[in-house]
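Trainee: Below is the file structure14.cif, which contains mmCIF, C-alpha atoms; chains and numbers go by the auth columns.
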```cif
data_final
#
loop_
_atom_site.group_PDB
_atom_site.id
_atom_site.type_symbol
_atom_site.label_atom_id
_atom_site.label_comp_id
_atom_site.label_asym_id
_atom_site.label_seq_id
_atom_site.Cartn_x
_atom_site.Cartn_y
_atom_site.Cartn_z
_atom_site.B_iso_or_equiv
_atom_site.auth_seq_id
_atom_site.auth_asym_id
ATOM 1 C CA MET A 1 -8.111 35.821 -6.275 0.00 1 E
ATOM 2 C CA ALA A 2 -6.270 32.511 -6.548 0.00 2 E
ATOM 3 C CA ILE A 3 -2.816 31.630 -7.826 0.00 3 E
ATOM 4 C CA PRO A 4 -3.200 28.786 -10.349 0.00 4 E
ATOM 5 C CA ARG A 5 -3.405 25.922 -9.930 0.00 5 E
ATOM 6 C CA GLY A 6 -3.294 24.939 -6.272 0.00 6 E
ATOM 7 C CA GLY A 7 -4.744 28.252 -5.172 0.00 7 E
ATOM 8 C CA LEU A 8 -7.858 27.580 -7.226 0.00 8 E
ATOM 9 C CA ILE A 9 -8.526 24.434 -5.210 0.00 9 E
ATOM 10 C CA VAL A 10 -7.918 26.273 -1.935 0.00 10 E
ATOM 11 C CA LEU A 11 -10.207 29.114 -3.017 0.00 11 E
ATOM 12 C CA GLY A 12 -12.887 26.606 -3.984 0.00 12 E
ATOM 13 C CA MET A 13 -12.793 25.034 -0.518 0.00 13 E
ATOM 14 C CA LEU A 14 -12.801 28.445 1.176 0.00 14 E
ATOM 15 C CA SER A 15 -15.780 29.547 -0.909 0.00 15 E
ATOM 16 C CA TYR A 16 -17.892 26.825 0.696 0.00 16 E
ATOM 17 C CA LEU A 17 -16.449 27.112 4.196 0.00 17 E
ATOM 18 C CA LEU A 18 -16.953 30.904 4.243 0.00 18 E
ATOM 19 C CA ASN A 19 -20.116 30.878 2.104 0.00 19 E
ATOM 20 C CA LEU A 20 -18.624 33.403 -0.306 0.00 20 E
ATOM 21 C CA LYS A 21 -20.866 35.067 -2.854 0.00 21 E
ATOM 22 C CA GLN A 22 -20.250 35.086 -6.593 0.00 22 E
ATOM 23 C CA SER A 23 -19.682 38.843 -6.529 0.00 23 E
ATOM 24 C CA GLN A 24 -16.702 38.317 -4.226 0.00 24 E
ATOM 25 C CA PHE A 25 -14.848 36.509 -7.019 0.00 25 E
ATOM 26 C CA GLU A 26 -15.255 39.343 -9.514 0.00 26 E
ATOM 27 C CA THR A 27 -12.062 41.292 -10.165 0.00 27 E
ATOM 28 C CA SER A 28 -11.991 45.067 -10.124 0.00 28 E
ATOM 29 C CA ASP A 29 -9.607 47.632 -11.597 0.00 29 E
ATOM 30 C CA GLN A 30 -10.320 50.058 -8.771 0.00 30 E
ATOM 31 C CA PRO A 31 -7.163 50.725 -6.675 0.00 31 E
ATOM 32 C CA ASP A 32 -9.228 51.027 -3.476 0.00 32 E
ATOM 33 C CA GLN A 33 -10.829 47.599 -3.947 0.00 33 E
ATOM 34 C CA PRO A 34 -9.270 45.192 -1.389 0.00 34 E
ATOM 35 C CA VAL A 35 -8.000 41.909 -2.808 0.00 35 E
ATOM 36 C CA MET A 36 -7.161 38.664 -1.037 0.00 36 E
ATOM 37 C CA ILE A 37 -4.775 36.313 -2.865 0.00 37 E
ATOM 38 C CA VAL A 38 -4.804 32.660 -1.816 0.00 38 E
ATOM 39 C CA ASP A 39 -2.560 29.711 -2.646 0.00 39 E
ATOM 40 C CA ASP A 40 -1.721 26.288 -1.298 0.00 40 E
ATOM 41 C CA ILE A 41 2.006 26.891 -0.749 0.00 41 E
ATOM 42 C CA ALA A 42 4.537 29.670 -1.307 0.00 42 E
ATOM 43 C CA LEU A 43 8.219 28.697 -1.435 0.00 43 E
ATOM 44 C CA THR A 44 10.027 31.699 -2.925 0.00 44 E
ATOM 45 C CA GLY A 45 7.156 34.061 -3.776 0.00 45 E
ATOM 46 C CA LYS A 46 7.754 34.028 -7.535 0.00 46 E
ATOM 47 C CA ARG A 47 4.104 33.335 -8.334 0.00 47 E
ATOM 48 C CA ILE A 48 2.984 35.958 -5.811 0.00 48 E
ATOM 49 C CA SER A 49 5.136 38.563 -7.561 0.00 49 E
ATOM 50 C CA LYS A 50 3.545 37.689 -10.878 0.00 50 E
ATOM 51 C CA ILE A 51 -0.048 37.941 -9.681 0.00 51 E
ATOM 52 C CA LEU A 52 0.667 41.208 -7.845 0.00 52 E
ATOM 53 C CA SER A 53 1.696 42.707 -11.184 0.00 53 E
ATOM 54 C CA ASN A 54 -1.772 41.854 -12.513 0.00 54 E
ATOM 55 C CA THR A 55 -3.777 43.697 -9.872 0.00 55 E
ATOM 56 C CA GLN A 56 -4.069 47.422 -9.269 0.00 56 E
ATOM 57 C CA SER A 57 -5.351 47.118 -5.720 0.00 57 E
ATOM 58 C CA SER A 58 -3.594 49.232 -3.093 0.00 58 E
ATOM 59 C CA HIS A 59 -4.773 46.908 -0.302 0.00 59 E
ATOM 60 C CA VAL A 60 -3.716 43.289 -0.761 0.00 60 E
ATOM 61 C CA VAL A 61 -3.899 40.393 1.676 0.00 61 E
ATOM 62 C CA ILE A 62 -1.993 37.170 0.957 0.00 62 E
ATOM 63 C CA ALA A 63 -3.008 33.871 2.537 0.00 63 E
ATOM 64 C CA ASN A 64 -1.281 30.516 2.039 0.00 64 E
ATOM 65 C CA LEU A 65 -1.718 27.102 3.554 0.00 65 E
ATOM 66 C CA TYR A 66 2.078 26.826 3.883 0.00 66 E
ATOM 67 C CA SER A 67 4.932 29.357 3.751 0.00 67 E
ATOM 68 C CA HIS A 68 8.065 30.355 5.652 0.00 68 E
ATOM 69 C CA PRO A 69 7.885 33.344 8.057 0.00 69 E
ATOM 70 C CA ASP A 70 10.928 34.969 6.437 0.00 70 E
ATOM 71 C CA LEU A 71 9.229 34.829 3.049 0.00 71 E
ATOM 72 C CA ARG A 72 6.164 36.581 4.418 0.00 72 E
ATOM 73 C CA LYS A 73 8.357 39.172 6.126 0.00 73 E
ATOM 74 C CA SER A 74 10.229 39.862 2.882 0.00 74 E
ATOM 75 C CA ILE A 75 6.988 40.292 0.931 0.00 75 E
ATOM 76 C CA LEU A 76 5.680 42.820 3.457 0.00 76 E
ATOM 77 C CA GLU A 77 8.955 44.755 3.312 0.00 77 E
ATOM 78 C CA LYS A 78 9.186 44.853 -0.481 0.00 78 E
ATOM 79 C CA GLU A 79 5.513 45.249 -1.389 0.00 79 E
ATOM 80 C CA PRO A 80 3.865 48.245 0.337 0.00 80 E
ATOM 81 C CA ARG A 81 0.512 47.309 -1.180 0.00 81 E
ATOM 82 C CA VAL A 82 0.500 44.042 0.785 0.00 82 E
ATOM 83 C CA LYS A 83 -0.998 44.896 4.162 0.00 83 E
ATOM 84 C CA TYR A 84 -1.176 41.378 5.606 0.00 84 E
ATOM 85 C CA CYS A 85 0.584 38.151 4.707 0.00 85 E
ATOM 86 C CA PHE A 86 -0.181 35.046 6.718 0.00 86 E
ATOM 87 C CA SER A 87 -0.177 31.265 6.543 0.00 87 E
ATOM 88 C CA ALA A 88 -2.021 28.389 8.181 0.00 88 E
ATOM 89 C CA HIS A 89 1.259 26.509 8.703 0.00 89 E
ATOM 90 C CA ASP A 90 4.890 27.602 8.901 0.00 90 E
ATOM 91 C CA LEU A 91 7.571 25.916 6.818 0.00 91 E
ATOM 92 C CA LYS A 92 10.999 25.313 8.366 0.00 92 E
ATOM 93 C CA ASP A 93 14.221 26.234 6.601 0.00 93 E
ATOM 94 C CA GLN A 94 16.811 23.450 6.643 0.00 94 E
ATOM 95 C CA ALA A 95 19.540 25.493 4.922 0.00 95 E
ATOM 96 C CA ARG A 96 21.182 26.565 8.171 0.00 96 E
ATOM 97 C CA GLY A 97 21.547 22.954 9.202 0.00 97 E
ATOM 98 C CA ASN A 98 22.819 21.929 5.783 0.00 98 E
ATOM 99 C CA TYR A 99 25.358 24.780 5.799 0.00 99 E
ATOM 100 C CA PRO A 100 26.443 25.097 9.459 0.00 100 E
ATOM 101 C CA ASP A 101 29.417 27.270 8.524 0.00 101 E
ATOM 102 C CA THR A 102 28.232 30.885 8.226 0.00 102 E
ATOM 103 C CA ASN A 103 30.463 31.628 5.231 0.00 103 E
ATOM 104 C CA ASP A 104 29.217 28.529 3.415 0.00 104 E
ATOM 105 C CA TYR A 105 25.625 29.502 4.145 0.00 105 E
ATOM 106 C CA TYR A 106 25.928 33.025 2.762 0.00 106 E
ATOM 107 C CA SER A 107 27.943 31.759 -0.212 0.00 107 E
ATOM 108 C CA TRP A 108 25.115 29.342 -0.999 0.00 108 E
ATOM 109 C CA ARG A 109 22.492 32.083 -0.684 0.00 109 E
ATOM 110 C CA LYS A 110 24.486 34.387 -2.985 0.00 110 E
ATOM 111 C CA LYS A 111 24.765 31.685 -5.641 0.00 111 E
ATOM 112 C CA MET A 112 21.072 30.766 -5.442 0.00 112 E
ATOM 113 C CA ASN A 113 19.954 34.402 -5.611 0.00 113 E
ATOM 114 C CA LYS A 114 22.024 34.815 -8.761 0.00 114 E
ATOM 115 C CA ARG A 115 20.733 31.602 -10.323 0.00 115 E
ATOM 116 C CA MET A 116 17.060 31.934 -9.441 0.00 116 E
ATOM 117 C CA GLY A 117 16.568 35.710 -9.387 0.00 117 E
ATOM 118 C CA GLY A 118 13.264 37.514 -8.878 0.00 118 E
ATOM 119 C CA ARG A 119 12.458 35.723 -5.625 0.00 119 E
ATOM 120 C CA TYR A 120 11.484 37.317 -2.320 0.00 120 E
ATOM 121 C CA TRP A 121 13.270 34.649 -0.307 0.00 121 E
ATOM 122 C CA ILE A 122 15.259 31.455 -0.889 0.00 122 E
ATOM 123 C CA GLY A 123 15.639 28.559 1.515 0.00 123 E
ATOM 124 C CA GLN A 124 15.556 24.781 1.759 0.00 124 E
ATOM 125 C CA VAL A 125 12.155 24.034 3.218 0.00 125 E
ATOM 126 C CA ASP A 126 10.457 20.819 4.232 0.00 126 E
ATOM 127 C CA LEU A 127 8.759 18.742 1.574 0.00 127 E
ATOM 128 C CA VAL A 128 5.008 19.272 1.419 0.00 128 E
ATOM 129 C CA GLY A 129 2.515 17.419 -0.734 0.00 129 E
ATOM 130 C CA PHE A 130 -1.206 17.645 -1.408 0.00 130 E
ATOM 131 C CA ALA A 131 -3.705 15.276 -2.984 0.00 131 E
ATOM 132 C CA TRP A 132 -3.888 17.658 -5.947 0.00 132 E
ATOM 133 C CA SER A 133 -0.223 18.660 -6.234 0.00 133 E
ATOM 134 C CA GLU A 134 3.366 18.240 -5.144 0.00 134 E
ATOM 135 C CA PRO A 135 5.179 21.598 -5.389 0.00 135 E
ATOM 136 C CA ASP A 136 8.136 21.980 -7.730 0.00 136 E
ATOM 137 C CA TYR A 137 11.473 21.940 -5.920 0.00 137 E
ATOM 138 C CA PRO A 138 13.947 22.976 -8.639 0.00 138 E
ATOM 139 C CA PHE A 139 17.629 22.238 -8.144 0.00 139 E
ATOM 140 C CA TRP A 140 20.757 23.546 -9.803 0.00 140 E
ATOM 141 C CA ASN A 141 22.343 21.000 -12.136 0.00 141 E
ATOM 142 C CA PRO A 142 26.082 21.807 -12.345 0.00 142 E
ATOM 143 C CA VAL A 143 26.422 19.628 -15.472 0.00 143 E
ATOM 144 C CA THR A 144 23.778 21.412 -17.552 0.00 144 E
ATOM 145 C CA ASP A 145 24.392 24.713 -15.710 0.00 145 E
ATOM 146 C CA LYS A 146 20.692 25.413 -15.268 0.00 146 E
ATOM 147 C CA LEU A 147 17.740 24.901 -12.946 0.00 147 E
ATOM 148 C CA GLU A 148 15.902 21.608 -13.385 0.00 148 E
ATOM 149 C CA ASP A 149 12.809 20.058 -11.884 0.00 149 E
ATOM 150 C CA GLY A 150 13.351 18.028 -8.731 0.00 150 E
ATOM 151 C CA TRP A 151 12.329 14.533 -7.657 0.00 151 E
ATOM 152 C CA ARG A 152 8.755 13.566 -6.811 0.00 152 E
ATOM 153 C CA SER A 153 8.056 11.974 -3.436 0.00 153 E
ATOM 154 C CA LEU A 154 4.333 11.309 -3.725 0.00 154 E
ATOM 155 C CA PRO A 155 3.283 8.244 -5.745 0.00 155 E
ATOM 156 C CA PRO A 156 0.888 8.969 -8.632 0.00 156 E
ATOM 157 C CA HIS A 157 -2.080 7.297 -6.934 0.00 157 E
ATOM 158 C CA LYS A 158 -1.848 9.902 -4.152 0.00 158 E
ATOM 159 C CA CYS A 159 -1.267 13.045 -6.233 0.00 159 E
ATOM 160 C CA LEU A 160 -3.122 14.284 -9.334 0.00 160 E
ATOM 161 C CA LYS A 161 -0.214 16.393 -10.570 0.00 161 E
ATOM 162 C CA ASN A 162 2.202 13.468 -10.431 0.00 162 E
ATOM 163 C CA ARG A 163 -0.269 11.299 -12.334 0.00 163 E
ATOM 164 C CA SER A 164 -0.116 13.851 -15.132 0.00 164 E
ATOM 165 C CA ILE A 165 3.676 14.292 -15.040 0.00 165 E
ATOM 166 C CA PHE A 166 4.338 10.568 -15.384 0.00 166 E
ATOM 167 C CA GLY A 167 1.539 9.885 -17.852 0.00 167 E
ATOM 168 C CA ILE A 168 -0.411 7.540 -15.589 0.00 168 E
ATOM 169 C CA LEU A 169 -3.571 6.163 -17.203 0.00 169 E
ATOM 170 C CA PRO A 170 -7.080 6.381 -15.744 0.00 170 E
ATOM 171 C CA ASP A 171 -7.561 3.736 -13.062 0.00 171 E
ATOM 172 C CA GLU A 172 -9.841 1.094 -14.571 0.00 172 E
ATOM 173 C CA SER A 173 -8.706 -1.970 -12.630 0.00 173 E
ATOM 174 C CA ALA A 174 -10.874 -3.233 -9.782 0.00 174 E
ATOM 175 C CA THR A 175 -8.108 -5.469 -8.438 0.00 175 E
ATOM 176 C CA LYS A 176 -4.638 -4.135 -7.757 0.00 176 E
ATOM 177 C CA ASP A 177 -1.947 -6.634 -6.813 0.00 177 E
ATOM 178 C CA LEU A 178 0.996 -4.255 -7.196 0.00 178 E
ATOM 179 C CA GLN A 179 1.891 -0.765 -6.091 0.00 179 E
ATOM 180 C CA LEU A 180 4.962 1.418 -5.953 0.00 180 E
ATOM 181 C CA SER A 181 7.081 1.005 -2.866 0.00 181 E
ATOM 182 C CA SER A 182 6.790 3.899 -0.434 0.00 182 E
ATOM 183 C CA ALA A 183 10.606 4.084 -0.511 0.00 183 E
ATOM 184 C CA VAL A 184 10.632 5.096 -4.188 0.00 184 E
ATOM 185 C CA ILE A 185 11.162 8.711 -5.285 0.00 185 E
ATOM 186 C CA MET A 186 10.462 9.498 -8.928 0.00 186 E
ATOM 187 C CA GLY A 187 11.801 11.968 -11.431 0.00 187 E
ATOM 188 C CA CYS A 188 11.145 12.773 -15.070 0.00 188 E
ATOM 189 C CA PHE A 189 14.301 14.144 -16.654 0.00 189 E
ATOM 190 C CA HIS A 190 14.931 14.589 -20.387 0.00 190 E
ATOM 191 C CA ASP A 191 12.077 12.209 -21.384 0.00 191 E
ATOM 192 C CA GLU A 192 13.400 9.510 -19.044 0.00 192 E
ATOM 193 C CA ILE A 193 11.726 8.187 -15.911 0.00 193 E
ATOM 194 C CA TRP A 194 14.179 7.926 -13.036 0.00 194 E
ATOM 195 C CA LEU A 195 13.405 5.898 -9.927 0.00 195 E
ATOM 196 C CA PHE A 196 15.400 6.247 -6.728 0.00 196 E
ATOM 197 C CA GLN A 197 15.033 3.456 -4.162 0.00 197 E
ATOM 198 C CA LYS A 198 15.851 5.084 -0.822 0.00 198 E
ATOM 199 C CA ASP A 199 16.371 1.822 1.082 0.00 199 E
ATOM 200 C CA THR A 200 18.914 0.425 -1.378 0.00 200 E
ATOM 201 C CA GLN A 201 20.255 3.814 -2.546 0.00 201 E
ATOM 202 C CA GLN A 202 19.940 2.696 -6.166 0.00 202 E
ATOM 203 C CA ILE A 203 18.783 4.768 -9.162 0.00 203 E
ATOM 204 C CA TYR A 204 17.134 3.206 -12.199 0.00 204 E
ATOM 205 C CA SER A 205 16.369 4.835 -15.556 0.00 205 E
ATOM 206 C CA LEU A 206 13.455 3.794 -17.765 0.00 206 E
ATOM 207 C CA THR A 207 13.008 4.821 -21.400 0.00 207 E
ATOM 208 C CA GLY A 208 10.934 3.737 -24.390 0.00 208 E
ATOM 209 C CA VAL A 209 8.963 0.517 -23.973 0.00 209 E
ATOM 210 C CA ALA A 210 10.316 -0.073 -20.448 0.00 210 E
ATOM 211 C CA ALA A 211 8.936 3.302 -19.338 0.00 211 E
ATOM 212 C CA GLU A 212 5.596 2.659 -21.045 0.00 212 E
ATOM 213 C CA ILE A 213 5.178 -0.737 -19.371 0.00 213 E
ATOM 214 C CA TRP A 214 6.042 0.820 -16.003 0.00 214 E
ATOM 215 C CA ARG A 215 3.312 3.448 -16.527 0.00 215 E
ATOM 216 C CA VAL A 216 0.750 0.787 -17.399 0.00 216 E
ATOM 217 C CA LEU A 217 1.625 -1.405 -14.412 0.00 217 E
ATOM 218 C CA VAL A 218 1.461 1.588 -12.069 0.00 218 E
ATOM 219 C CA SER A 219 -1.903 2.523 -13.582 0.00 219 E
ATOM 220 C CA TYR A 220 -3.583 -0.879 -13.509 0.00 220 E
ATOM 221 C CA GLY A 221 -1.757 -2.541 -10.652 0.00 221 E
ATOM 222 C CA ASN A 222 -1.752 -6.039 -12.116 0.00 222 E
ATOM 223 C CA ILE A 223 -0.603 -7.993 -15.148 0.00 223 E
ATOM 224 C CA GLU A 224 -4.027 -9.194 -16.337 0.00 224 E
ATOM 225 C CA SER A 225 -5.424 -5.683 -16.722 0.00 225 E
ATOM 226 C CA SER A 226 -2.218 -4.431 -18.367 0.00 226 E
ATOM 227 C CA ILE A 227 -2.158 -7.048 -21.143 0.00 227 E
ATOM 228 C CA PRO A 228 -5.163 -5.794 -23.219 0.00 228 E
ATOM 229 C CA TYR A 229 -3.844 -2.218 -23.228 0.00 229 E
ATOM 230 C CA LEU A 230 -0.334 -3.216 -24.284 0.00 230 E
ATOM 231 C CA MET A 231 -1.632 -5.632 -26.964 0.00 231 E
ATOM 232 C CA ASP A 232 -3.606 -2.776 -28.518 0.00 232 E
ATOM 233 C CA LYS A 233 -0.486 -0.638 -28.579 0.00 233 E
ATOM 234 C CA TYR A 234 2.168 -3.154 -29.629 0.00 234 E
ATOM 235 C CA ASP A 235 2.200 -5.964 -32.186 0.00 235 E
ATOM 236 C CA VAL A 236 2.973 -8.845 -29.851 0.00 236 E
ATOM 237 C CA GLU A 237 1.473 -12.234 -29.033 0.00 237 E
ATOM 238 C CA GLU A 238 -0.313 -12.504 -25.722 0.00 238 E
ATOM 239 C CA SER A 239 1.777 -15.454 -24.520 0.00 239 E
ATOM 240 C CA ILE A 240 5.034 -13.606 -25.188 0.00 240 E
ATOM 241 C CA LEU A 241 3.720 -10.400 -23.625 0.00 241 E
ATOM 242 C CA ARG A 242 2.601 -12.247 -20.516 0.00 242 E
ATOM 243 C CA LEU A 243 6.036 -13.816 -20.040 0.00 243 E
ATOM 244 C CA ASP A 244 7.717 -10.455 -20.563 0.00 244 E
ATOM 245 C CA LEU A 245 5.428 -8.761 -18.036 0.00 245 E
ATOM 246 C CA GLU A 246 5.916 -11.490 -15.448 0.00 246 E
ATOM 247 C CA SER A 247 9.684 -11.196 -15.818 0.00 247 E
ATOM 248 C CA TYR A 248 9.477 -7.388 -15.675 0.00 248 E
ATOM 249 C CA VAL A 249 7.373 -7.459 -12.511 0.00 249 E
ATOM 250 C CA ASP A 250 9.683 -9.997 -10.865 0.00 250 E
ATOM 251 C CA ASP A 251 12.632 -7.697 -11.568 0.00 251 E
ATOM 252 C CA LEU A 252 10.863 -4.657 -10.104 0.00 252 E
ATOM 253 C CA LEU A 253 9.820 -6.636 -7.020 0.00 253 E
ATOM 254 C CA GLU A 254 13.368 -7.867 -6.528 0.00 254 E
ATOM 255 C CA ILE A 255 14.873 -4.381 -6.624 0.00 255 E
ATOM 256 C CA LYS A 256 12.021 -3.129 -4.399 0.00 256 E
ATOM 257 C CA ILE A 257 10.514 -0.657 -6.867 0.00 257 E
ATOM 258 C CA PHE A 258 7.192 -2.501 -6.670 0.00 258 E
ATOM 259 C CA LYS A 259 5.690 -4.319 -3.728 0.00 259 E
ATOM 260 C CA LYS A 260 2.729 -6.604 -3.325 0.00 260 E
ATOM 261 C CA ARG A 261 -0.409 -4.711 -2.430 0.00 261 E
ATOM 262 C CA ASP A 262 -0.976 -6.523 0.870 0.00 262 E
ATOM 263 C CA SER A 263 2.640 -6.298 2.048 0.00 263 E
#
```
In structure tokens, how does this file's structure come out?
Mentor:
Amino acid sequence: MAIPRGGLIVLGMLSYLLNLKQSQFETSDQPDQPVMIVDDIALTGKRISKILSNTQSSHVVIANLYSHPDLRKSILEKEPRVKYCFSAHDLKDQARGNYPDTNDYYSWRKKMNKRMGGRYWIGQVDLVGFAWSEPDYPFWNPVTDKLEDGWRSLPPHKCLKNRSIFGILPDESATKDLQLSSAVIMGCFHDEIWLFQKDTQQIYSLTGVAAEIWRVLVSYGNIESSIPYLMDKYDVEESILRLDLESYVDDLLEIKIFKKRDS
């Protein structure tokens, strides 16, 4: 079994590497039927808990590409049906370093357990990204008093999930002159695109037309390919649009959100 959606990709790759048969993907309601659950990454075990509730097997094996040893230990302690829980790579918890004082550390854990609930383990692990996905790293927003989605480190051209989140168009341009700077971290909060430039420590917010033009430029990578799309969408003369795009690109190059492709 696979945990959607990253686990489906992992299971697909394993099916070829291990030459699995079709019958091995068929679920069974028999308690004595062993089940292996696979996923790309496990951070807190929330998705594992959910899928365990959907299987009756009394012999479960859990395999992830990435997880923390303490998470796996907690799952084995709390879920008697799970006989083995292993990972190809271990994640490291940075919480101890971020909260060197023992009282601060346990105070943080108590707050996060209360806020997140239903998790086998909570920590602050390293960032991991895949070509198909960048895991969600929710954070507690003290202003809204709720959990919110975190920033995205992988640019859309390197991650399918981030392409979807930011509404990036299919890549139809043969020539790309522009690309996002590798120092840019992105976020999509309350229908706004937020861009954090790590080198300059500046945050920029894009909404409405500005956000749409950013999406198109990220998608096509140059002004010439972006013009036809934007002219179909907005009632604007080509000469005016071209000037606006050139000015927009110059601004994004100056603040180091974009960079030239060959630089």
Trainee: Near Asn162 (chain E), counting only C-alpha atoms, which residues have an atom at most 8 Å away, once you skip same-chain residues fewer than 6 positions from it, shown as a list in words?
Mentor: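 Surrounding residues, per the criterion: Ser133, Glu134, Arg152, Leu154, Pro155 and Pro156 of chain E.
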Trainee: Which distance in Å separates CA of Asp32 (chain E) and CA of Val82 (chain E), to one decimal?
Mentor: 12.7 Å
Trainee: Can you translate the PyMOL selection byres ((chain E and resi 61-77) around 8) into the concrete residues it hits in this file, as an NGL selection string?
Mentor: :E and (34-45 or 59-60 or 78-80 or 82-93 or 120-122 or 125)
Trainee: Report, as lines of an AutoDock Vina configuration file, the centre and edge lengths in Å (one decimal) of the axis-aligned box enclosing every listed atom of region 41-59 of chain E, padded by 5 Å on each side.
Mentor:
```
center_x = 2.3
center_y = 38.1
center_z = -6.4
size_x = 25.4
size_y = 32.3
size_z = 22.2
```
Trainee: Take the point (14.4, 16.0, -9.0) in the file's coordinates, draw a sphere of radius 10 Å around it, and report as a ChimeraX atom specification every protein, DNA or RNA residue with an atom inside or on it, counting only C-alpha atoms.
Mentor: /E:136-141,148-153,185-189,194
Trainee: Please list as a list in words every residue within 7 Å of region 244-251 of chain E, counting all atoms listed in the file and excluding residues in the same chain fewer than 4 positions away.
Mentor: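 My reading of the contact set: Ile223, Ile240 and Ile255 of chain E.
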Trainee: Rounded to one decimal place, report the CA of Ile257 (chain E)-CA of Ile165 (chain E) distance in Å.
Mentor: 18.4 Å
Trainee: How many Å separate CA of Ser164 (chain E) from CA of Arg215 (chain E)?
Mentor: 11.0 Å
Trainee: Between E:Thr55, E:Gln179, E:Asn98, E:Gln202, which one has atoms that come closest to Ser219 (chain E), using all atoms listed in the file?
Mentor: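 Using all atoms listed in the file, the shortest distance to Ser219 (chain E) belongs to E:Gln179.
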Trainee: Of the candidates E:Arg5, E:Arg115, E:Arg81, E:Arg109, which one gets nearest to Lys146 (chain E) if we count only C-alpha atoms?
Mentor: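 Among the listed residues, E:Arg115 lies closest to Lys146 (chain E).
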Trainee: Go through E:Gly7, E:Asn103, E:Met1, E:Val209 one by one, measure the shortest atom-to-atom distance of each to Glu26 (chain E) using all atoms listed in the file, and give the residue with the smallest value.
Mentor: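 Selected residue with least distance to Glu26 (chain E): E:Met1.
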Trainee: Quick one: of E:Glu212, E:Asp199, E:Lys260, E:Cys159, who's nearest to Lys233 (chain E), counting only C-alpha atoms?
Mentor: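 When distances to Lys233 (chain E) are compared using only C-alpha atoms, the smallest one comes from E:Glu212.
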Trainee: Of the candidates E:Asn222, E:Tyr106, E:Leu178, E:Lys256, which one gets nearest to Tyr204 (chain E) if we count only C-alpha atoms?
Mentor: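 For Tyr204 (chain E), the nearest of the candidates is E:Lys256.
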Trainee: Quick one: of E:Lys110, E:Arg119, E:Lys161, E:Lys21, who's nearest to Lys50 (chain E), counting all atoms listed in the file?
Mentor: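 Smallest separation from Lys50 (chain E) among the options: E:Arg119.
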Trainee: Please enumerate the residues selected by the PyMOL selection byres ((chain E and resi 170) around 12) when evaluated against the supplied file, formatted as number ranges by chain.
Mentor: E: 156-157, 160, 163-164, 167-169, 171-174, 215-221, 229
